[in-house]
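Visitor: Attaching a single structure in structure tokens format; questions to follow.
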Amino acid sequence: MRDLLDAPLLKLRGANLRRAANFRWPLILALGFCLLALLLLHLDRRGLFKQSREFLDQGLITPALKNLGGLHNAMADLGPNLQSNSSLRAENERLKQQVSQLQAEVLLREQALVENARLRQQLALAAKSNWNLLGAEVMVRSADAGRRGISINCGSAEGVAPGMAVLGQTGSEPTALVGIVAEVGPHTARVLLITDLSSQISARVLHEGTATLGLVQGQWQRGSRLRLEQLEQEITLVVGSAVVSAGLTSELNLALPLAAVPGGIPIGRIEKLGSNGHTQVAELWPYVDPDQVRYVWVILSLKG
Amino acid sequence: MGDSQPQRIEERLLAEALLLGGLLAGALIQVLLFPAPLGFPPLFLLILVVWRTLLGVSMAPSAGEGEVSAALRWAFYGGLALDLATHTLLGSHVLGLLLAVVSTVALAGHKRNLNGPFFPLLTVLFGALAYEFVLGLIYHCTVAPLAWQPYFSTLILPSVLQTLIPTLPLFALFQGLAPQRGPK
């Protein structure tokens, strides 16, 4: 490593740099690129690139993501078998081919098992809930720390629309809300995770037969996960109480069309209680960590 | 990619298109294939752009300006690729990567001893700080106001530290893959 890094390409000689330090044109170019980026930012905020981005997304990005997603899964599944493959190289060609075929079958079976488990989860969820669900795979996560969003491999062609609730499940926790569909393409959708600062969902705290109304806001960019606000000061709340969606978001004048989020979806449980003077506030621990989910379910509609 | 001096305009356009395509592939690798133990991936494209910038400023004085301009183009295309791959506002990652290039050039211009493994780490550290700060600022201005102190301690710092881990192996990998060129 050290030898590689000390190779001539990365030996930055101070004297040479000082002689070559007249970076006037690159500076002008950098300023030009920055202005262009600001212009793009402004125009994109106004929605001027919506159609061309959708075209690029469906024509280029989504097919590439699907191919790479397959590669990702194949690499993850092949990893444990690589060592046995290498030891089998010493064996004759017939045995090697046989092993290779068996490995392919094992891979297919493992993939089928995962798919089977996911569909069983969906069936169980659909049976005990009042929702019509659509299963989807998480394709892309945020590219950096400051954003909380995912892309899923279902879109308007499958019936997904902005404002629909997206559920997930990890471990033994209940199936819970992980986000809201924010943008939809023909075969992909962008989901704003509930932990993002710009996410706000009306919610109810369930405690001793009461259902106190509040507003759940994402807190990822502020250093935690979820915060429940606007709780009446007089209500007695306890740590550990369950918080579910209230289904009232259509009545709030928010930027996202959240009318499709039904009530009663588990969100999390109260971890810490506090006050901001006029109202109570609570830190929430979400039932599902949105960063850990690989498969999600979109609530398309209510049954009946 | 992007380093040749094509004579004809169509060759130049093809080279730029190939560069954009390559960086788009890099962006997809960052958002899809890189493991994200903390819930977000290491900034693979930032490391690539910083490496390209250092490669540029380490060239001979005669080639210095053109090579740094090439690094700026990498930052611009790389940022666009990240914006396209992750559905963020066009220009946001571009600004982050451009600032990372500028910080790298500034750092390289002021450092006397630039050899060894610590300088790449230092440039990626400053580049990542600049990148995350710009992205936070854009979020603050366009989406929702941020509280900067917790944002720094819980998001920027872990992201920067996580990005430093693969820096040296990736630098070695890029250097091994890059066509060998001597000072012009």
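Residue names in the structure tokens use chain letters A, B, ... in the order shown, residue numbers from 1 in each chain, and ligand numbers from 1 in the order shown.
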Please identify all polymer residues within 12 Å of Pro169 in chain B, counting only C-alpha atoms, omitting same-chain residues fewer than 2 positions from it, and present them as a ChimeraX atom specification.
Guide: /A:1-2,4-5 /B:44,47-48,51,117,120-121,163-167,171-176
Visitor: Which residues come within 10 Å of Ala85 in chain B, counting only C-alpha atoms, excluding same-chain residues fewer than 5 positions away, as an mmCIF file with all heavy atoms, in the first residue's frame?
Guide:
```
data_model
loop_
_atom_site.group_PDB
_atom_site.id
_atom_site.type_symbol
_atom_site.label_atom_id
_atom_site.label_comp_id
_atom_site.auth_asym_id
_atom_site.auth_seq_id
_atom_site.Cartn_x
_atom_site.Cartn_y
_atom_site.Cartn_z
ATOM 1 N N LEU A 56 -35.008 9.964 -18.437
ATOM 2 C CA LEU A 56 -33.688 9.383 -18.124
ATOM 3 C C LEU A 56 -33.814 8.260 -17.101
ATOM 4 O O LEU A 56 -33.162 7.223 -17.210
ATOM 5 C CB LEU A 56 -32.784 10.473 -17.548
ATOM 6 C CG LEU A 56 -31.797 11.140 -18.491
ATOM 7 C CD1 LEU A 56 -31.062 12.228 -17.755
ATOM 8 C CD2 LEU A 56 -30.808 10.133 -19.055
ATOM 9 N N ASP A 57 -34.683 8.494 -16.124
ATOM 10 C CA ASP A 57 -34.852 7.524 -15.048
ATOM 11 C C ASP A 57 -35.369 6.199 -15.591
ATOM 12 O O ASP A 57 -34.848 5.130 -15.267
ATOM 13 C CB ASP A 57 -35.839 8.107 -14.025
ATOM 14 C CG ASP A 57 -35.777 7.366 -12.713
ATOM 15 O OD1 ASP A 57 -34.665 7.017 -12.312
ATOM 16 O OD2 ASP A 57 -36.833 7.131 -12.110
ATOM 17 N N LEU A 60 -32.714 4.802 -18.520
ATOM 18 C CA LEU A 60 -31.309 4.497 -18.232
ATOM 19 C C LEU A 60 -31.093 4.038 -16.784
ATOM 20 O O LEU A 60 -30.550 2.954 -16.545
ATOM 21 C CB LEU A 60 -30.456 5.753 -18.513
ATOM 22 C CG LEU A 60 -28.966 5.642 -18.290
ATOM 23 C CD1 LEU A 60 -28.360 4.681 -19.299
ATOM 24 C CD2 LEU A 60 -28.304 6.997 -18.401
ATOM 25 N N ILE A 61 -31.529 4.863 -15.843
ATOM 26 C CA ILE A 61 -31.180 4.602 -14.443
ATOM 27 C C ILE A 61 -31.846 3.313 -13.928
ATOM 28 O O ILE A 61 -31.186 2.446 -13.367
ATOM 29 C CB ILE A 61 -31.611 5.785 -13.540
ATOM 30 C CG1 ILE A 61 -31.038 7.097 -14.066
ATOM 31 C CG2 ILE A 61 -31.186 5.552 -12.103
ATOM 32 C CD1 ILE A 61 -29.610 7.319 -13.854
ATOM 33 N N THR A 62 -33.166 3.199 -14.155
ATOM 34 C CA THR A 62 -33.871 2.033 -13.612
ATOM 35 C C THR A 62 -33.364 0.708 -14.191
ATOM 36 O O THR A 62 -33.102 -0.224 -13.425
ATOM 37 C CB THR A 62 -35.389 2.181 -13.851
ATOM 38 O OG1 THR A 62 -35.793 3.412 -13.273
ATOM 39 C CG2 THR A 62 -36.158 1.052 -13.211
ATOM 40 N N ALA A 64 -30.418 0.072 -15.338
ATOM 41 C CA ALA A 64 -29.080 -0.150 -14.768
ATOM 42 C C ALA A 64 -29.174 -0.602 -13.326
ATOM 43 O O ALA A 64 -28.450 -1.506 -12.887
ATOM 44 C CB ALA A 64 -28.270 1.140 -14.869
ATOM 45 N N LEU A 65 -30.084 0.006 -12.572
ATOM 46 C CA LEU A 65 -30.239 -0.369 -11.164
ATOM 47 C C LEU A 65 -30.714 -1.811 -11.030
ATOM 48 O O LEU A 65 -30.261 -2.542 -10.159
ATOM 49 C CB LEU A 65 -31.247 0.558 -10.485
ATOM 50 C CG LEU A 65 -30.752 1.964 -10.182
ATOM 51 C CD1 LEU A 65 -31.882 2.810 -9.659
ATOM 52 C CD2 LEU A 65 -29.620 1.919 -9.174
ATOM 53 N N VAL A 140 -32.536 1.602 -4.229
ATOM 54 C CA VAL A 140 -31.496 2.595 -3.965
ATOM 55 C C VAL A 140 -31.757 3.254 -2.627
ATOM 56 O O VAL A 140 -32.898 3.537 -2.278
ATOM 57 C CB VAL A 140 -31.507 3.681 -5.066
ATOM 58 C CG1 VAL A 140 -30.557 4.793 -4.740
ATOM 59 C CG2 VAL A 140 -31.142 3.081 -6.402
ATOM 60 N N ARG A 141 -30.673 3.461 -1.884
ATOM 61 C CA ARG A 141 -30.787 4.221 -0.635
ATOM 62 C C ARG A 141 -30.146 5.594 -0.842
ATOM 63 O O ARG A 141 -29.630 5.870 -1.912
ATOM 64 C CB ARG A 141 -30.073 3.480 0.485
ATOM 65 C CG ARG A 141 -30.730 2.163 0.779
ATOM 66 C CD ARG A 141 -30.016 1.401 1.869
ATOM 67 N NE ARG A 141 -30.570 0.065 1.980
ATOM 68 C CZ ARG A 141 -31.713 -0.219 2.576
ATOM 69 N NH1 ARG A 141 -32.415 0.726 3.148
ATOM 70 N NH2 ARG A 141 -32.168 -1.448 2.617
ATOM 71 N N SER A 142 -30.185 6.413 0.192
ATOM 72 C CA SER A 142 -29.585 7.751 0.083
ATOM 73 C C SER A 142 -28.104 7.636 -0.239
ATOM 74 O O SER A 142 -27.426 6.715 0.205
ATOM 75 C CB SER A 142 -29.750 8.500 1.401
ATOM 76 O OG SER A 142 -31.084 8.454 1.811
ATOM 77 N N ALA A 143 -27.609 8.603 -1.024
ATOM 78 C CA ALA A 143 -26.196 8.565 -1.420
ATOM 79 C C ALA A 143 -25.296 9.156 -0.354
ATOM 80 O O ALA A 143 -24.080 9.028 -0.415
ATOM 81 C CB ALA A 143 -26.006 9.321 -2.716
ATOM 82 N N SER A 151 -35.519 4.335 -3.069
ATOM 83 C CA SER A 151 -36.277 4.101 -4.303
ATOM 84 C C SER A 151 -36.711 2.646 -4.307
ATOM 85 O O SER A 151 -35.924 1.766 -3.944
ATOM 86 C CB SER A 151 -35.414 4.380 -5.523
ATOM 87 O OG SER A 151 -35.109 5.747 -5.597
ATOM 88 N N LEU B 24 -21.465 7.859 -13.920
ATOM 89 C CA LEU B 24 -22.814 7.398 -13.572
ATOM 90 C C LEU B 24 -22.738 5.981 -13.004
ATOM 91 O O LEU B 24 -23.404 5.659 -12.010
ATOM 92 C CB LEU B 24 -23.711 7.429 -14.808
ATOM 93 C CG LEU B 24 -25.194 7.126 -14.598
ATOM 94 C CD1 LEU B 24 -25.810 8.091 -13.604
ATOM 95 C CD2 LEU B 24 -25.959 7.179 -15.897
ATOM 96 N N ALA B 25 -21.895 5.151 -13.614
ATOM 97 C CA ALA B 25 -21.695 3.800 -13.082
ATOM 98 C C ALA B 25 -21.122 3.878 -11.667
ATOM 99 O O ALA B 25 -21.535 3.128 -10.765
ATOM 100 C CB ALA B 25 -20.763 3.011 -13.995
ATOM 101 N N ALA B 27 -21.567 6.305 -9.543
ATOM 102 C CA ALA B 27 -22.639 6.761 -8.645
ATOM 103 C C ALA B 27 -23.556 5.600 -8.277
ATOM 104 O O ALA B 27 -23.974 5.458 -7.124
ATOM 105 C CB ALA B 27 -23.443 7.870 -9.318
ATOM 106 N N LEU B 28 -23.857 4.755 -9.270
ATOM 107 C CA LEU B 28 -24.729 3.601 -8.994
ATOM 108 C C LEU B 28 -24.043 2.634 -8.041
ATOM 109 O O LEU B 28 -24.689 2.034 -7.174
ATOM 110 C CB LEU B 28 -25.102 2.893 -10.301
ATOM 111 C CG LEU B 28 -25.984 3.706 -11.246
ATOM 112 C CD1 LEU B 28 -26.250 2.951 -12.534
ATOM 113 C CD2 LEU B 28 -27.305 4.055 -10.584
ATOM 114 N N ILE B 29 -22.733 2.472 -8.203
ATOM 115 C CA ILE B 29 -21.987 1.608 -7.282
ATOM 116 C C ILE B 29 -22.094 2.165 -5.867
ATOM 117 O O ILE B 29 -22.306 1.442 -4.901
ATOM 118 C CB ILE B 29 -20.513 1.499 -7.728
ATOM 119 C CG1 ILE B 29 -20.426 0.615 -8.981
ATOM 120 C CG2 ILE B 29 -19.636 0.919 -6.618
ATOM 121 C CD1 ILE B 29 -19.073 0.606 -9.641
ATOM 122 N N GLN B 30 -21.967 3.502 -5.741
ATOM 123 C CA GLN B 30 -22.037 4.111 -4.401
ATOM 124 C C GLN B 30 -23.396 3.873 -3.741
ATOM 125 O O GLN B 30 -23.470 3.531 -2.566
ATOM 126 C CB GLN B 30 -21.770 5.618 -4.492
ATOM 127 C CG GLN B 30 -21.941 6.326 -3.158
ATOM 128 C CD GLN B 30 -21.440 7.755 -3.175
ATOM 129 O OE1 GLN B 30 -20.488 8.069 -3.872
ATOM 130 N NE2 GLN B 30 -22.078 8.619 -2.421
ATOM 131 N N VAL B 31 -24.475 4.048 -4.505
ATOM 132 C CA VAL B 31 -25.804 3.953 -3.879
ATOM 133 C C VAL B 31 -26.322 2.525 -3.807
ATOM 134 O O VAL B 31 -27.298 2.254 -3.113
ATOM 135 C CB VAL B 31 -26.853 4.831 -4.607
ATOM 136 C CG1 VAL B 31 -26.481 6.277 -4.515
ATOM 137 C CG2 VAL B 31 -27.023 4.410 -6.056
ATOM 138 N N LEU B 32 -25.689 1.585 -4.525
ATOM 139 C CA LEU B 32 -26.256 0.243 -4.593
ATOM 140 C C LEU B 32 -25.332 -0.829 -4.045
ATOM 141 O O LEU B 32 -25.749 -1.702 -3.305
ATOM 142 C CB LEU B 32 -26.599 -0.076 -6.051
ATOM 143 C CG LEU B 32 -27.631 -1.155 -6.267
ATOM 144 C CD1 LEU B 32 -28.986 -0.676 -5.787
ATOM 145 C CD2 LEU B 32 -27.721 -1.523 -7.738
ATOM 146 N N GLY B 79 -21.237 14.728 -9.848
ATOM 147 C CA GLY B 79 -22.338 15.293 -9.063
ATOM 148 C C GLY B 79 -23.668 15.110 -9.776
ATOM 149 O O GLY B 79 -24.677 14.738 -9.170
ATOM 150 N N LEU B 80 -23.663 15.365 -11.096
ATOM 151 C CA LEU B 80 -24.895 15.171 -11.876
ATOM 152 C C LEU B 80 -25.340 13.707 -11.800
ATOM 153 O O LEU B 80 -26.529 13.409 -11.651
ATOM 154 C CB LEU B 80 -24.651 15.534 -13.346
ATOM 155 C CG LEU B 80 -24.709 17.008 -13.733
ATOM 156 C CD1 LEU B 80 -24.512 17.158 -15.238
ATOM 157 C CD2 LEU B 80 -26.026 17.635 -13.339
#
```
Visitor: Using only C-alpha atoms, which protein or nucleic acid residues come within 6 Å of Asp196 in chain A? Drop anything in the same chain fewer than 6 positions from it, and give the result as a CSV table (one decimal) with N, CA, C and O atoms, in the first residue's frame.
Guide:
```csv
chain,number,residue,atom,x,y,z
A,148,ARG,N,-32.7,11.2,3.7
A,148,ARG,CA,-33.4,9.9,4.1
A,148,ARG,C,-34.5,9.6,3.1
A,148,ARG,O,-35.6,10.0,3.2
A,218,GLY,N,-39.8,13.6,11.5
A,218,GLY,CA,-38.5,13.0,11.4
A,218,GLY,C,-37.4,13.9,12.0
A,218,GLY,O,-37.5,15.1,12.0
A,220,TRP,N,-33.8,12.8,11.8
A,220,TRP,CA,-32.5,12.3,11.4
A,220,TRP,C,-31.5,13.4,11.3
A,220,TRP,O,-30.4,13.2,11.8
```
Visitor: So which residues touch range 153-166 of chain A within 9 Å, counting only C-alpha atoms, skipping near sequence neighbours fewer than 2 positions away, as a VMD selection string?
Guide: chain A and resid 62 66 134 to 139 151 168 176 to 191 193 256 to 262 265 296 to 301
Visitor: Let me make sure I understand: among A:Leu113, A:Leu125, A:Leu206, A:Leu192, which one has the smallest atom-to-atom distance to chain B if we use only C-alpha atoms?
Guide: A:Leu192
Visitor: Do you know which residues are at most 9 Å from Pro174 in chain A counting only C-alpha atoms, after dropping those on the same chain fewer than 3 positions away, and could you put them as a count of residues only?
Guide: 7
Visitor: List every residue of range 30-264 of chain A that DSSP, applied to the backbone of this structure, places in strand (DSSP E), and write the result as a PyMOL selection string.
Guide: chain A and resi 131-141+149-152+165-168+176-184+189-193+200-207+210-218+226-231+242-245
Visitor: Would you mind exporting the chosen residues as a short mmCIF file (atom, residue, chain, number, x, y, z; two decimals), in the first residue's frame, restricted to C-alpha atoms?
Guide:
```cif
data_model
loop_
_atom_site.label_atom_id
_atom_site.label_comp_id
_atom_site.auth_asym_id
_atom_site.auth_seq_id
_atom_site.Cartn_x
_atom_site.Cartn_y
_atom_site.Cartn_z
CA TRP A 131 -55.20 -3.05 3.49
CA ASN A 132 -54.53 -4.07 -0.09
CA LEU A 133 -50.76 -4.37 -0.25
CA LEU A 134 -48.14 -4.41 -2.97
CA GLY A 135 -44.68 -5.86 -2.23
CA ALA A 136 -41.62 -4.01 -3.52
CA GLU A 137 -37.86 -4.28 -3.29
CA VAL A 138 -35.65 -1.42 -2.11
CA MET A 139 -33.41 -0.48 -5.05
CA VAL A 140 -31.50 2.59 -3.97
CA ARG A 141 -30.79 4.22 -0.63
CA GLY A 149 -35.04 8.38 1.09
CA ILE A 150 -35.22 5.12 -0.82
CA SER A 151 -36.28 4.10 -4.30
CA ILE A 152 -38.46 1.02 -4.77
CA ALA A 165 -47.92 4.67 3.01
CA VAL A 166 -44.95 2.30 2.80
CA LEU A 167 -44.51 -0.42 5.44
CA GLY A 168 -41.56 -2.52 6.45
CA ALA A 176 -44.68 -0.54 10.73
CA LEU A 177 -44.61 2.63 8.69
CA VAL A 178 -41.23 3.39 7.09
CA GLY A 179 -42.15 6.21 4.73
CA ILE A 180 -44.49 7.88 2.30
CA VAL A 181 -44.34 7.69 -1.49
CA ALA A 182 -43.12 11.10 -2.62
CA GLU A 183 -42.60 10.73 -6.39
CA VAL A 184 -43.70 8.08 -8.83
CA ALA A 189 -41.13 5.27 -6.82
CA ARG A 190 -39.23 7.53 -4.48
CA VAL A 191 -40.11 7.09 -0.80
CA LEU A 192 -39.47 9.79 1.79
CA LEU A 193 -38.54 7.98 4.99
CA GLN A 200 -44.59 14.97 9.16
CA ILE A 201 -47.39 12.52 9.91
CA SER A 202 -50.35 12.87 12.24
CA ALA A 203 -50.34 10.18 14.92
CA ARG A 204 -52.09 8.88 18.00
CA VAL A 205 -50.53 7.70 21.26
CA LEU A 206 -52.31 4.62 22.58
CA HIS A 207 -52.41 4.52 26.37
CA THR A 210 -57.09 6.76 25.14
CA ALA A 211 -55.70 7.87 21.79
CA THR A 212 -53.99 11.24 22.14
CA LEU A 213 -53.38 13.13 18.91
CA GLY A 214 -49.93 14.44 17.96
CA LEU A 215 -47.61 15.05 15.04
CA VAL A 216 -44.66 12.76 14.27
CA GLN A 217 -41.71 14.52 12.69
CA GLY A 218 -38.48 12.98 11.38
CA LEU A 226 -38.54 10.53 15.44
CA ARG A 227 -40.18 13.14 17.61
CA LEU A 228 -43.82 13.38 18.61
CA GLU A 229 -44.99 16.97 18.97
CA GLN A 230 -48.11 19.02 19.71
CA LEU A 231 -49.33 16.72 22.49
CA ALA A 242 -47.37 2.71 21.24
CA VAL A 243 -47.75 5.38 18.57
CA VAL A 244 -49.78 4.72 15.41
CA SER A 245 -50.76 6.84 12.43
#
```
Visitor: Between CA of Leu43 in chain A and CA of Leu90 in chain B, what is the spacing in Å?
Guide: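 So the answer is 8.5 Å.
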Visitor: From the set B:Leu157, B:Leu33, B:Ile138, B:Ala71, which residue has the shortest atom-to-atom contact distance to chain A, counting only C-alpha atoms?
Guide: B:Leu33
Visitor: Between A:Val99, A:Val114, A:Leu197, A:Ala124, single out the one closest to chain B, counting only C-alpha atoms.
Guide: A:Leu197
Visitor: How many Å lie between CA of Leu102 in chain A and CA of Gln121 in chain A, rounded to one decimal?
Guide: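 Atom-to-atom, CA of Leu102 in chain A to CA of Gln121 in chain A, that is 28.3 Å.
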Visitor: Name the residues in contact with range 20-22 of chain B at a cut-off of 10 Å, using only C-alpha atoms, excluding same-chain residues fewer than 4 positions from it; report them as a list of chain:residue names.
Guide: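 Contacts, in chain order: B:Met1, B:Gly2, B:Leu14, B:Ala15, B:Glu16, B:Gly26, B:Ala27, B:Leu28, B:Arg73, B:Trp74, B:Phe76, B:Tyr77, B:Gly78, B:Leu80, B:Ala81.
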Visitor: Would you work out the distance separating CA of Leu82 in chain B from CA of Ala106 in chain B, expressed in Å to one decimal?
Guide: 24.3 Å
Visitor: With only C-alpha atoms as the atoms that count, which of B:Leu125, B:Ala17, B:Leu38, B:Val94 lies nearest to Gly32 in chain A?
Guide: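 Looking at the shortest contact to Gly32 in chain A, the residue is B:Val94.
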Visitor: Of the candidates B:Val102, B:Val143, B:Leu54, B:Leu43, which one gets nearest to Leu89 in chain B if we count only C-alpha atoms?
Guide: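 For Leu89 in chain B, the nearest of the given residues is B:Val143.
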Visitor: With only C-alpha atoms as the atoms that count, which of A:Ser199, A:Asn67, A:Ser52, A:Ser241 lies nearest to Trp285 in chain A?
Guide: A:Ser241
